[in-house]
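Novice: Enclosed is the structure file upload_33.pdb (PDB, C-alpha atoms).
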ATOM      1  CA  MET A   1      22.363  18.147  -5.729
ATOM      2  CA  LYS A   2      22.257  14.390  -5.154
ATOM      3  CA  ILE A   3      19.136  12.608  -6.340
ATOM      4  CA  THR A   4      18.481  11.282  -2.820
ATOM      5  CA  THR A   5      18.429  14.892  -1.559
ATOM      6  CA  LYS A   6      15.868  15.688  -4.242
ATOM      7  CA  PHE A   7      13.809  12.680  -3.178
ATOM      8  CA  TRP A   8      13.841  13.869   0.455
ATOM      9  CA  ILE A   9      12.594  17.273  -0.689
ATOM     10  CA  GLY A  10       9.961  15.537  -2.809
ATOM     11  CA  LEU A  11       8.798  13.567   0.225
ATOM     12  CA  ALA A  12       8.473  16.749   2.289
ATOM     13  CA  ILE A  13       6.409  18.385  -0.462
ATOM     14  CA  LEU A  14       4.172  15.311  -0.719
ATOM     15  CA  ALA A  15       3.672  15.307   3.071
ATOM     16  CA  VAL A  16       2.458  18.914   3.000
ATOM     17  CA  LEU A  17       0.148  18.156   0.049
ATOM     18  CA  THR A  18      -1.457  15.059   1.646
ATOM     19  CA  PRO A  19      -4.641  16.930   2.705
ATOM     20  CA  LEU A  20      -5.602  16.755  -0.989
ATOM     21  CA  GLY A  21      -6.270  13.084  -0.258
ATOM     22  CA  LEU A  22      -8.843  14.227   2.280
ATOM     23  CA  ILE A  23     -10.314  17.282   0.557
ATOM     24  CA  LEU A  24     -10.875  15.783  -2.914
ATOM     25  CA  PRO A  25     -12.931  12.789  -1.687
ATOM     26  CA  GLU A  26     -14.979  15.167   0.492
ATOM     27  CA  HIS A  27     -15.563  17.485  -2.466
ATOM     28  CA  PHE A  28     -16.676  14.665  -4.758
ATOM     29  CA  LYS A  29     -18.773  13.058  -2.015
ATOM     30  CA  ALA A  30     -16.841   9.833  -2.113
ATOM     31  CA  GLY A  31     -17.104   7.559   0.920
ATOM     32  CA  SER A  32     -14.887   4.861   2.390
ATOM     33  CA  ALA A  33     -12.697   2.606   0.289
ATOM     34  CA  TRP A  34     -14.431  -0.614  -0.751
ATOM     35  CA  GLY A  35     -14.274  -3.131   2.091
ATOM     36  CA  GLU A  36     -13.109  -0.596   4.665
ATOM     37  CA  TRP A  37     -16.453   0.362   6.168
ATOM     38  CA  GLY A  38     -17.020   0.759   9.879
ATOM     39  CA  ALA A  39     -19.607  -1.373  11.678
ATOM     40  CA  ASP A  40     -22.396   1.230  11.352
ATOM     41  CA  GLU A  41     -21.764   1.713   7.629
ATOM     42  CA  MET A  42     -21.871  -2.050   7.235
ATOM     43  CA  GLU A  43     -25.262  -2.176   8.932
ATOM     44  CA  LYS A  44     -26.586   0.359   6.422
ATOM     45  CA  LEU A  45     -25.167  -1.663   3.528
ATOM     46  CA  VAL A  46     -26.300  -5.185   4.354
ATOM     47  CA  GLY A  47     -28.819  -4.663   7.166
ATOM     48  CA  TYR A  48     -26.761  -6.291   9.928
ATOM     49  CA  VAL A  49     -23.284  -6.250  11.395
ATOM     50  CA  PRO A  50     -21.584  -9.622  10.871
ATOM     51  CA  GLN A  51     -20.843 -11.067  14.351
ATOM     52  CA  GLY A  52     -17.166 -11.728  13.758
ATOM     53  CA  LEU A  53     -16.683  -8.303  12.253
ATOM     54  CA  GLU A  54     -18.335  -6.664  15.233
ATOM     55  CA  LYS A  55     -16.059  -8.529  17.611
ATOM     56  CA  LEU A  56     -12.796  -7.967  15.711
ATOM     57  CA  SER A  57     -13.314  -4.457  14.373
ATOM     58  CA  SER A  58     -12.541  -2.876  17.745
ATOM     59  CA  LEU A  59      -9.615  -5.204  18.407
ATOM     60  CA  TRP A  60      -6.973  -2.531  17.988
ATOM     61  CA  ASN A  61      -7.028   0.970  19.379
ATOM     62  CA  ALA A  62      -4.702   2.902  17.098
ATOM     63  CA  PRO A  63      -3.045   5.964  18.698
ATOM     64  CA  MET A  64      -3.896   8.167  15.675
ATOM     65  CA  PRO A  65      -7.007   6.538  14.198
ATOM     66  CA  ASP A  66      -7.692   7.421  10.546
ATOM     67  CA  TYR A  67      -4.681   9.767  10.457
ATOM     68  CA  ALA A  68      -6.252  12.125  12.975
ATOM     69  CA  PHE A  69      -6.080  12.813  16.700
ATOM     70  CA  LYS A  70      -8.391  10.931  19.025
ATOM     71  CA  GLY A  71     -11.657  12.762  19.560
ATOM     72  CA  TRP A  72     -11.252  14.849  16.392
ATOM     73  CA  GLU A  73     -13.832  12.874  14.406
ATOM     74  CA  GLU A  74     -16.298  15.758  14.437
ATOM     75  CA  LYS A  75     -13.786  18.499  13.659
ATOM     76  CA  GLY A  76     -13.890  20.400  10.405
ATOM     77  CA  LEU A  77     -11.815  19.805   7.311
ATOM     78  CA  THR A  78      -9.213  22.415   8.304
ATOM     79  CA  HIS A  79      -8.457  20.672  11.596
ATOM     80  CA  LEU A  80      -8.480  17.270   9.928
ATOM     81  CA  SER A  81      -6.117  18.509   7.201
ATOM     82  CA  PHE A  82      -3.723  19.733   9.878
ATOM     83  CA  ALA A  83      -3.894  16.377  11.657
ATOM     84  CA  TYR A  84      -3.366  14.643   8.301
ATOM     85  CA  ILE A  85      -0.120  16.537   7.670
ATOM     86  CA  ILE A  86       1.080  15.778  11.202
ATOM     87  CA  SER A  87       0.227  12.115  10.588
ATOM     88  CA  ALA A  88       2.196  12.156   7.327
ATOM     89  CA  ILE A  89       5.222  13.667   9.075
ATOM     90  CA  VAL A  90       5.075  11.387  12.141
ATOM     91  CA  GLY A  91       4.498   8.350   9.916
ATOM     92  CA  CYS A  92       7.395   9.261   7.630
ATOM     93  CA  ILE A  93       9.786   9.792  10.537
ATOM     94  CA  ILE A  94       8.932   6.421  12.081
ATOM     95  CA  ILE A  95       8.997   4.574   8.749
ATOM     96  CA  VAL A  96      12.282   6.155   7.650
ATOM     97  CA  THR A  97      13.838   5.240  11.004
ATOM     98  CA  VAL A  98      12.621   1.644  10.945
ATOM     99  CA  ALA A  99      13.475   1.072   7.271
ATOM    100  CA  TRP A 100      16.881   2.697   7.759
ATOM    101  CA  LEU A 101      17.680   0.448  10.732
ATOM    102  CA  ILE A 102      16.557  -2.644   8.802
ATOM    103  CA  GLY A 103      18.601  -1.524   5.791
ATOM    104  CA  LYS A 104      21.667  -0.888   7.973
ATOM    105  CA  ALA A 105      21.328  -4.295   9.585
ATOM    106  CA  LEU A 106      20.980  -6.068   6.246
ATOM    107  CA  SER A 107      23.221  -4.155   3.857
ATOM    108  CA  LYS A 108      26.761  -5.131   3.036
ATOM    109  CA  LYS A 109      29.253  -3.382   5.279
ATOM    110  CA  SER A 110      31.886  -3.065   2.556
ATOM    111  CA  ASP A 111      31.464  -0.290  -0.065
TER     112      ASP A 111
ATOM    113  CA  MET B 112      -6.940  -2.184  -0.375
ATOM    114  CA  HIS B 113      -6.171  -2.137   3.374
ATOM    115  CA  ILE B 114      -8.325  -4.961   4.703
ATOM    116  CA  PRO B 115      -9.466  -3.980   8.226
ATOM    117  CA  ASP B 116      -9.845  -6.266  11.256
ATOM    118  CA  GLY B 117     -13.050  -8.279  11.131
ATOM    119  CA  TYR B 118     -13.330  -8.690   7.369
ATOM    120  CA  LEU B 119     -11.248 -11.862   7.125
ATOM    121  CA  GLY B 120     -11.855 -14.900   9.276
ATOM    122  CA  PRO B 121      -9.174 -16.431  11.511
ATOM    123  CA  MET B 122      -8.351 -19.121   8.941
ATOM    124  CA  THR B 123      -7.567 -16.613   6.203
ATOM    125  CA  CYS B 124      -5.635 -14.318   8.534
ATOM    126  CA  GLY B 125      -3.544 -17.197   9.854
ATOM    127  CA  ALA B 126      -2.898 -18.583   6.382
ATOM    128  CA  PHE B 127      -1.533 -15.269   5.108
ATOM    129  CA  TYR B 128       0.704 -14.770   8.137
ATOM    130  CA  ALA B 129       1.976 -18.299   7.500
ATOM    131  CA  VAL B 130       2.651 -17.451   3.852
ATOM    132  CA  MET B 131       4.304 -14.117   4.627
ATOM    133  CA  ILE B 132       6.763 -15.361   7.271
ATOM    134  CA  PRO B 133       8.905 -17.335   4.783
ATOM    135  CA  ILE B 134       8.565 -14.474   2.265
ATOM    136  CA  TRP B 135       9.872 -11.975   4.830
ATOM    137  CA  ALA B 136      12.668 -14.389   5.770
ATOM    138  CA  THR B 137      13.650 -14.868   2.116
ATOM    139  CA  ALA B 138      13.481 -11.113   1.530
ATOM    140  CA  SER B 139      15.887 -10.491   4.430
ATOM    141  CA  ARG B 140      18.241 -13.191   3.184
ATOM    142  CA  ILE B 141      18.301 -11.861  -0.386
ATOM    143  CA  VAL B 142      18.464  -8.187   0.573
ATOM    144  CA  LYS B 143      21.366  -9.009   2.876
ATOM    145  CA  LYS B 144      23.268 -10.271  -0.176
ATOM    146  CA  THR B 145      22.274  -7.541  -2.612
ATOM    147  CA  LEU B 146      21.631  -4.256  -0.794
ATOM    148  CA  LYS B 147      24.607  -1.947  -0.843
ATOM    149  CA  ALA B 148      25.253   0.387   2.082
ATOM    150  CA  LYS B 149      24.693   3.401  -0.180
ATOM    151  CA  GLN B 150      21.207   2.071  -1.059
ATOM    152  CA  VAL B 151      20.001   2.231   2.558
ATOM    153  CA  PRO B 152      18.686   5.808   2.222
ATOM    154  CA  MET B 153      16.772   4.738  -0.902
ATOM    155  CA  LEU B 154      15.169   1.890   1.035
ATOM    156  CA  ALA B 155      14.017   4.381   3.674
ATOM    157  CA  ILE B 156      12.836   6.850   1.029
ATOM    158  CA  GLY B 157      10.985   4.057  -0.790
ATOM    159  CA  ALA B 158       9.158   2.973   2.357
ATOM    160  CA  ALA B 159       8.205   6.559   3.233
ATOM    161  CA  PHE B 160       7.160   7.299  -0.356
ATOM    162  CA  SER B 161       4.863   4.293  -0.413
ATOM    163  CA  PHE B 162       3.351   5.388   2.918
ATOM    164  CA  VAL B 163       2.780   8.980   1.896
ATOM    165  CA  ILE B 164       1.443   8.229  -1.604
ATOM    166  CA  MET B 165      -1.176   5.951  -0.017
ATOM    167  CA  MET B 166      -2.513   8.991   1.883
ATOM    168  CA  PHE B 167      -3.593  10.565  -1.400
ATOM    169  CA  ASN B 168      -7.082   9.135  -1.566
ATOM    170  CA  VAL B 169      -8.508   9.486  -5.045
ATOM    171  CA  PRO B 170     -12.297   9.772  -5.139
ATOM    172  CA  ILE B 171     -14.715   8.072  -7.470
ATOM    173  CA  PRO B 172     -17.386  10.819  -7.439
ATOM    174  CA  GLY B 173     -20.310   9.678  -5.291
ATOM    175  CA  GLY B 174     -18.624   6.318  -4.763
ATOM    176  CA  SER B 175     -15.606   4.982  -2.964
ATOM    177  CA  THR B 176     -11.991   6.081  -2.725
ATOM    178  CA  GLY B 177      -8.677   4.400  -3.431
ATOM    179  CA  HIS B 178      -5.044   5.231  -3.887
ATOM    180  CA  ALA B 179      -1.762   4.275  -5.479
ATOM    181  CA  VAL B 180       0.731   2.178  -3.512
ATOM    182  CA  GLY B 181       3.973   3.285  -5.151
ATOM    183  CA  GLY B 182       5.303  -0.225  -4.667
ATOM    184  CA  VAL B 183       6.075  -0.974  -8.303
ATOM    185  CA  LEU B 184       8.279   2.098  -8.427
ATOM    186  CA  VAL B 185      10.181   0.973  -5.337
ATOM    187  CA  ALA B 186      10.573  -2.483  -6.917
ATOM    188  CA  ILE B 187      11.981  -1.015 -10.136
ATOM    189  CA  LEU B 188      14.511   1.105  -8.224
ATOM    190  CA  LEU B 189      15.555  -1.380  -5.515
ATOM    191  CA  GLY B 190      14.455  -4.793  -6.734
ATOM    192  CA  PRO B 191      11.313  -6.653  -5.645
ATOM    193  CA  TRP B 192      12.684  -8.148  -2.404
ATOM    194  CA  ALA B 193      13.870  -4.821  -1.019
ATOM    195  CA  ALA B 194      10.553  -3.292  -2.133
ATOM    196  CA  SER B 195       8.749  -6.025  -0.247
ATOM    197  CA  ILE B 196      10.547  -5.043   2.957
ATOM    198  CA  ALA B 197      10.001  -1.312   2.382
ATOM    199  CA  ILE B 198       6.246  -1.693   1.760
ATOM    200  CA  THR B 199       5.894  -4.067   4.724
ATOM    201  CA  VAL B 200       7.363  -1.386   7.008
ATOM    202  CA  ALA B 201       4.847   1.145   5.649
ATOM    203  CA  LEU B 202       1.897  -1.248   6.030
ATOM    204  CA  VAL B 203       2.795  -2.285   9.588
ATOM    205  CA  VAL B 204       3.115   1.347  10.718
ATOM    206  CA  GLN B 205      -0.200   2.156   8.999
ATOM    207  CA  ALA B 206      -1.920  -0.671  10.870
ATOM    208  CA  LEU B 207      -0.360  -0.064  14.296
ATOM    209  CA  LEU B 208      -0.245   3.721  14.426
ATOM    210  CA  PHE B 209      -3.150   4.796  12.229
ATOM    211  CA  GLY B 210      -5.510   1.813  12.291
ATOM    212  CA  ASP B 211      -5.349   1.670   8.486
ATOM    213  CA  GLY B 212      -5.540  -2.032   7.723
ATOM    214  CA  GLY B 213      -6.218  -4.554  10.469
ATOM    215  CA  ILE B 214      -3.705  -6.116  12.860
ATOM    216  CA  THR B 215      -5.136  -9.557  12.073
ATOM    217  CA  ALA B 216      -4.956  -8.746   8.339
ATOM    218  CA  ILE B 217      -1.295  -7.625   8.240
ATOM    219  CA  GLY B 218      -0.347 -10.949   6.659
ATOM    220  CA  ALA B 219      -2.988 -10.636   3.935
ATOM    221  CA  ASN B 220      -2.377  -6.940   3.294
ATOM    222  CA  CYS B 221       1.368  -7.515   3.049
ATOM    223  CA  PHE B 222       0.798 -10.446   0.711
ATOM    224  CA  ASN B 223      -1.279  -8.266  -1.626
ATOM    225  CA  MET B 224       0.600  -4.976  -1.484
ATOM    226  CA  ALA B 225       4.114  -5.937  -0.351
ATOM    227  CA  PHE B 226       4.490  -9.193  -2.277
ATOM    228  CA  VAL B 227       2.108  -9.581  -5.229
ATOM    229  CA  LEU B 228       2.229  -5.916  -6.234
ATOM    230  CA  PRO B 229       6.008  -5.347  -6.303
ATOM    231  CA  PHE B 230       6.794  -8.751  -7.820
ATOM    232  CA  VAL B 231       4.187  -8.638 -10.581
ATOM    233  CA  GLY B 232       5.129  -5.027 -11.320
ATOM    234  CA  TYR B 233       8.851  -5.723 -11.303
ATOM    235  CA  TYR B 234       8.676  -8.666 -13.709
ATOM    236  CA  VAL B 235       6.290  -6.884 -16.076
ATOM    237  CA  TYR B 236       8.720  -3.967 -16.115
ATOM    238  CA  LYS B 237      11.662  -6.301 -16.700
ATOM    239  CA  ALA B 238       9.911  -8.144 -19.504
ATOM    240  CA  ILE B 239       8.949  -4.972 -21.365
ATOM    241  CA  SER B 240      12.184  -3.064 -20.760
ATOM    242  CA  HIS B 241      14.368  -6.086 -21.579
ATOM    243  CA  ASN B 242      17.542  -4.884 -23.313
ATOM    244  CA  ALA B 243      16.274  -1.315 -23.459
ATOM    245  CA  PRO B 244      18.966   1.274 -22.733
ATOM    246  CA  PRO B 245      18.483   3.049 -19.360
ATOM    247  CA  ASN B 246      17.397   6.316 -20.970
ATOM    248  CA  SER B 247      14.963   4.762 -23.461
ATOM    249  CA  ASN B 248      11.323   5.676 -23.790
ATOM    250  CA  ARG B 249      10.466   2.001 -23.565
ATOM    251  CA  ARG B 250      11.405   2.073 -19.870
ATOM    252  CA  PHE B 251       8.963   4.922 -19.255
ATOM    253  CA  TRP B 252       6.117   2.915 -20.819
ATOM    254  CA  ALA B 253       7.269  -0.304 -19.154
ATOM    255  CA  ALA B 254       7.082   1.448 -15.761
ATOM    256  CA  GLY B 255       3.546   2.709 -16.392
ATOM    257  CA  ILE B 256       2.258  -0.645 -17.613
ATOM    258  CA  ALA B 257       3.992  -2.428 -14.721
ATOM    259  CA  GLY B 258       2.347  -0.070 -12.213
ATOM    260  CA  TYR B 259      -1.072  -0.630 -13.766
ATOM    261  CA  ILE B 260      -0.809  -4.415 -13.886
ATOM    262  CA  GLY B 261       0.897  -4.729 -10.483
ATOM    263  CA  ILE B 262      -1.800  -2.885  -8.545
ATOM    264  CA  ASN B 263      -4.606  -4.620 -10.437
ATOM    265  CA  VAL B 264      -3.326  -8.120  -9.728
ATOM    266  CA  ALA B 265      -2.984  -7.085  -6.066
ATOM    267  CA  ALA B 266      -6.583  -5.792  -6.112
ATOM    268  CA  LEU B 267      -7.739  -9.071  -7.637
ATOM    269  CA  PHE B 268      -6.128 -10.985  -4.756
ATOM    270  CA  ALA B 269      -7.742  -8.653  -2.211
ATOM    271  CA  GLY B 270     -11.114  -9.170  -3.927
ATOM    272  CA  VAL B 271     -10.748 -12.957  -3.775
ATOM    273  CA  GLU B 272      -9.756 -12.805  -0.091
ATOM    274  CA  PHE B 273     -12.825 -10.685   0.718
ATOM    275  CA  GLY B 274     -15.067 -12.794  -1.491
ATOM    276  CA  LEU B 275     -14.125 -16.153   0.045
ATOM    277  CA  GLN B 276     -15.291 -15.112   3.522
ATOM    278  CA  PRO B 277     -19.054 -15.695   3.176
ATOM    279  CA  LEU B 278     -18.257 -19.165   1.805
ATOM    280  CA  LEU B 279     -15.919 -19.970   4.694
ATOM    281  CA  HIS B 280     -17.795 -18.423   7.610
ATOM    282  CA  HIS B 281     -21.526 -17.976   8.090
ATOM    283  CA  THR B 282     -24.169 -18.600  10.715
ATOM    284  CA  ALA B 283     -26.817 -21.325  10.429
ATOM    285  CA  ASN B 284     -29.289 -18.824   8.982
ATOM    286  CA  GLY B 285     -26.851 -17.670   6.320
ATOM    287  CA  GLN B 286     -25.587 -14.403   7.835
ATOM    288  CA  ALA B 287     -21.934 -13.788   7.149
ATOM    289  CA  LEU B 288     -19.559 -13.692  10.123
ATOM    290  CA  TYR B 289     -16.925 -11.551   8.411
ATOM    291  CA  CYS B 290     -16.943  -9.855   4.988
ATOM    292  CA  PRO B 291     -20.532 -10.352   3.786
ATOM    293  CA  TYR B 292     -19.834  -9.966   0.074
ATOM    294  CA  GLY B 293     -19.042 -13.037  -1.973
ATOM    295  CA  LEU B 294     -16.701 -13.430  -4.931
ATOM    296  CA  GLY B 295     -19.365 -12.235  -7.391
ATOM    297  CA  VAL B 296     -19.455  -8.814  -5.707
ATOM    298  CA  ALA B 297     -16.022  -8.409  -4.128
ATOM    299  CA  VAL B 298     -13.901  -9.305  -7.142
ATOM    300  CA  PRO B 299     -15.677  -7.049  -9.667
ATOM    301  CA  ALA B 300     -15.759  -4.221  -7.099
ATOM    302  CA  MET B 301     -12.084  -4.384  -6.151
ATOM    303  CA  LEU B 302     -10.800  -5.130  -9.627
ATOM    304  CA  GLY B 303     -13.223  -2.818 -11.411
ATOM    305  CA  GLU B 304     -12.322   0.313  -9.479
ATOM    306  CA  HIS B 305      -8.610  -0.381  -9.845
ATOM    307  CA  LEU B 306      -8.890  -1.110 -13.560
ATOM    308  CA  LEU B 307     -10.917   2.065 -14.085
ATOM    309  CA  ILE B 308      -9.274   4.590 -11.777
ATOM    310  CA  PHE B 309      -6.638   3.659  -9.208
ATOM    311  CA  GLY B 310      -4.568   1.538 -11.582
ATOM    312  CA  TRP B 311      -4.037   4.616 -13.743
ATOM    313  CA  VAL B 312      -2.883   6.586 -10.719
ATOM    314  CA  GLU B 313      -0.267   3.917  -9.957
ATOM    315  CA  ALA B 314       0.719   3.851 -13.651
ATOM    316  CA  ILE B 315       1.175   7.626 -13.869
ATOM    317  CA  VAL B 316       3.071   7.900 -10.577
ATOM    318  CA  THR B 317       5.409   5.045 -11.552
ATOM    319  CA  ALA B 318       6.054   6.260 -15.094
ATOM    320  CA  LEU B 319       6.584   9.910 -14.163
ATOM    321  CA  VAL B 320       9.085   9.161 -11.412
ATOM    322  CA  ILE B 321      10.973   6.797 -13.731
ATOM    323  CA  LYS B 322      11.060   9.567 -16.332
ATOM    324  CA  TYR B 323      12.453  11.915 -13.677
ATOM    325  CA  VAL B 324      15.069   9.352 -12.637
ATOM    326  CA  GLN B 325      16.062   8.939 -16.303
ATOM    327  CA  LYS B 326      16.748  12.656 -16.482
ATOM    328  CA  GLN B 327      18.533  12.878 -13.118
ATOM    329  CA  ASN B 328      20.505   9.726 -12.462
ATOM    330  CA  LEU B 329      20.578   6.796 -14.859
ATOM    331  CA  ASP B 330      22.691   4.680 -12.474
ATOM    332  CA  LEU B 331      19.638   4.304 -10.244
ATOM    333  CA  LEU B 332      17.885   2.362 -12.999
ATOM    334  CA  GLN B 333      20.629  -0.239 -13.040
ATOM    335  CA  GLU B 334      20.842  -0.669  -9.279
ATOM    336  CA  GLY B 335      17.343  -2.176  -9.124
ATOM    337  CA  GLU B 336      18.359  -5.014 -11.416
ATOM    338  CA  VAL B 337      19.391  -7.448  -8.744
ATOM    339  CA  SER B 338      17.564 -10.683  -9.343
TER     340      SER B 338
END
Please express what this file holds, its structure, as structure tokens.
Specialist:
Amino acid sequence: MKITTKFWIGLAILAVLTPLGLILPEHFKAGSAWGEWGADEMEKLVGYVPQGLEKLSSLWNAPMPDYAFKGWEEKGLTHLSFAYIISAIVGCIIIVTVAWLIGKALSKKSD
Amino acid sequence: MHIPDGYLGPMTCGAFYAVMIPIWATASRIVKKTLKAKQVPMLAIGAAFSFVIMMFNVPIPGGSTGHAVGGVLVAILLGPWAASIAITVALVVQALLFGDGGITAIGANCFNMAFVLPFVGYYVYKAISHNAPPNSNRRFWAAGIAGYIGINVAALFAGVEFGLQPLLHHTANGQALYCPYGLGVAVPAMLGEHLLIFGWVEAIVTALVIKYVQKQNLDLLQEGEVS
């Protein structure tokens, strides 16, 4: 088997395992990454929401915010894990396509 | 390390876009000369690997979370310029589709994770593995050390970018407009957690995959040596 085939299989396995990245932090009661708090978390931390942060933090409405479906914020870990795997798959498909097209456009045509 | 919208002021955001545009242009120019058609799948795999490995949040019990970037590995296998393009693709999709990392901060996040990280990692790896045969143990260690140093230098840059904000932007009564933590808090926080935990994750991921590549296909270790 070619090593690239093995890498593709590896990617698929990683995608299915991604919920570990959700479940482990939950289990060990770990919160957001440093510097990636939402406005309400920020208020708890420093007592106010910086004005510029408040304005800019809602600038972009991502279609799958936080690797979940919109409106799923209150769902349980099982639902969120499912959404996380879907996000990994959708993300991989888009990224592979874009990177492939860029690579095709840039790479040498000969060989 | 994905700086969200609202943490960096307009000046910082603009400056990093301005810095990244020539880097992206140079990357395209160099990759155009060096990337072989048969390496295109590896570029796509590298970008997707970086994306998916970043989803594995590693907890600091009772504290924050972080993750590996996988970018040093991509740099070792494809060269730093191709890695820069691959990681940029991952970061842009993360920002646009998943809201992970801000739109205004794409320049800064790409500078840290798609420029500093792969380049520092690549040259550390090159320095340590200099003249080492492809299947040598020295390459395994070089990969691990490169991963550790690469992600930590990137975290240091992110910490400085966060930490400059209260100096650059505040109201008359001293409230911050963007990131409220100065250099004295942001740098030790960002660097500390990467030195203690997340740097080791990057080191282990990088070293183990290089070990695997050594067993499977030694040619791959020579193809990254482009610049």
Novice: Using only C-alpha atoms and a cutoff of 12 Å, can you tell me which residues are near (-7.0, 20.4, -0.4) in the file's coordinates, and write them out as a ChimeraX atom specification?
Specialist: /A:16-27,77-78,80-82,84-85 /B:167-169
Novice: Just the residues within 10 Å of stretch 244-260 of chain B, please, counting all atoms listed in the file, with nothing from its chain fewer than 4 positions along; format it as number ranges by chain.
Specialist: B: 179-184, 187, 228-240, 264-266, 305-306, 308-326, 328-333
Novice: Please provide as a PyMOL selection string all residues within 9 Å of stretch 198-213 of chain B, with the sequence filter that same-chain residues fewer than 3 positions apart are discarded (counting only C-alpha atoms).
Specialist: (chain A and resi 36+57+59-68+87+91-92+94-95+98-99) or (chain B and resi 112-118+135+157-163+180-182+185+193-195+216-217+220-221+224-226+229)
Novice: (21.6, -6.2, 6.1) in this file's frame - what residues fall within 10 Å of it? Use all atoms listed in the file and give the answer as number ranges by chain.
Specialist: A: 101-109; B: 139-148, 151
Novice: Quick one, how far is atom CA of B:Cys290 from atom CA of A:Lys29?
Specialist: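 Between these atoms lies a distance of 24.0 Å.
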Novice: B:Ile132, B:Met122, B:Met165, B:Leu275: which is nearest B:Ala297, counting only C-alpha atoms?
Specialist: B:Leu275
Novice: For a test of reading the model, state the distance in Å between atom CA of B:Gln286 and atom CA of B:Ala129, rounded to one decimal.
Specialist: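 Spanning atom CA of B:Gln286 to atom CA of B:Ala129 is a straight-line distance of 27.8 Å.
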Novice: Please measure the separation of atom CA of B:Gly190 and atom CA of B:Val271, giving the value in Å to one decimal.
Specialist: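 Separation between atom CA of B:Gly190 and atom CA of B:Val271: 26.7 Å.
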Novice: Of the candidates A:Ile9, A:Ala15, A:Leu56, A:Met1, which shows the shortest atom-to-atom distance to A:Val90, using all atoms listed in the file?
Specialist: A:Ala15
Novice: Just say which residues the PyMOL selection byres ((chain A and resi 39) around 10) picks in this file, as a PyMOL selection string.
Specialist: (chain A and resi 36-38+40-45+48-50+53-55+57-58) or (chain B and resi 117)
Novice: Using only C-alpha atoms, which residue out of A:Val96, A:Lys6, A:Lys75, A:Ile13 lies closest to chain B?
Specialist: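 When distances to chain B are compared using only C-alpha atoms, the smallest one comes from A:Val96.
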Novice: Using only C-alpha atoms, can you tell me which of A:Trp72, A:Thr5, A:Gln51, A:Leu14 comes closest to B:Ile164?
Specialist: A:Leu14
Novice: Limit the output to N, CA and C atoms and give stretch 2-14 of chain A as an mmCIF file, in the first residue's frame.
Specialist:
data_model
loop_
_atom_site.group_PDB
_atom_site.id
_atom_site.type_symbol
_atom_site.label_atom_id
_atom_site.label_comp_id
_atom_site.auth_asym_id
_atom_site.auth_seq_id
_atom_site.Cartn_x
_atom_site.Cartn_y
_atom_site.Cartn_z
ATOM 1 N N LYS A 2 0.506 2.236 -0.802
ATOM 2 C CA LYS A 2 1.291 3.475 -0.846
ATOM 3 C C LYS A 2 1.164 4.242 0.467
ATOM 4 N N ILE A 3 2.234 4.988 0.809
ATOM 5 C CA ILE A 3 2.179 5.688 2.093
ATOM 6 C C ILE A 3 1.088 6.755 2.096
ATOM 7 N N THR A 4 0.797 7.355 0.922
ATOM 8 C CA THR A 4 -0.288 8.352 0.911
ATOM 9 C C THR A 4 -1.628 7.689 1.236
ATOM 10 N N THR A 5 -1.833 6.458 0.742
ATOM 11 C CA THR A 5 -3.070 5.733 1.080
ATOM 12 C C THR A 5 -3.159 5.541 2.592
ATOM 13 N N LYS A 6 -2.017 5.173 3.192
ATOM 14 C CA LYS A 6 -2.012 4.983 4.645
ATOM 15 C C LYS A 6 -2.316 6.288 5.369
ATOM 16 N N PHE A 7 -1.782 7.387 4.838
ATOM 17 C CA PHE A 7 -2.072 8.693 5.450
ATOM 18 C C PHE A 7 -3.559 9.036 5.366
ATOM 19 N N TRP A 8 -4.183 8.729 4.208
ATOM 20 C CA TRP A 8 -5.627 8.994 4.078
ATOM 21 C C TRP A 8 -6.402 8.199 5.122
ATOM 22 N N ILE A 9 -6.009 6.935 5.299
ATOM 23 C CA ILE A 9 -6.689 6.098 6.299
ATOM 24 C C ILE A 9 -6.468 6.695 7.693
ATOM 25 N N GLY A 10 -5.217 7.121 7.941
ATOM 26 C CA GLY A 10 -4.906 7.754 9.218
ATOM 27 C C GLY A 10 -5.774 8.969 9.486
ATOM 28 N N LEU A 11 -5.971 9.784 8.442
ATOM 29 C CA LEU A 11 -6.817 10.974 8.577
ATOM 30 C C LEU A 11 -8.241 10.593 8.962
ATOM 31 N N ALA A 12 -8.768 9.556 8.287
ATOM 32 C CA ALA A 12 -10.139 9.116 8.561
ATOM 33 C C ALA A 12 -10.260 8.647 10.011
ATOM 34 N N ILE A 13 -9.247 7.911 10.477
ATOM 35 C CA ILE A 13 -9.277 7.440 11.871
ATOM 36 C C ILE A 13 -9.237 8.632 12.827
ATOM 37 N N LEU A 14 -8.351 9.597 12.538
ATOM 38 C CA LEU A 14 -8.270 10.786 13.391
ATOM 39 C C LEU A 14 -9.610 11.521 13.440
#
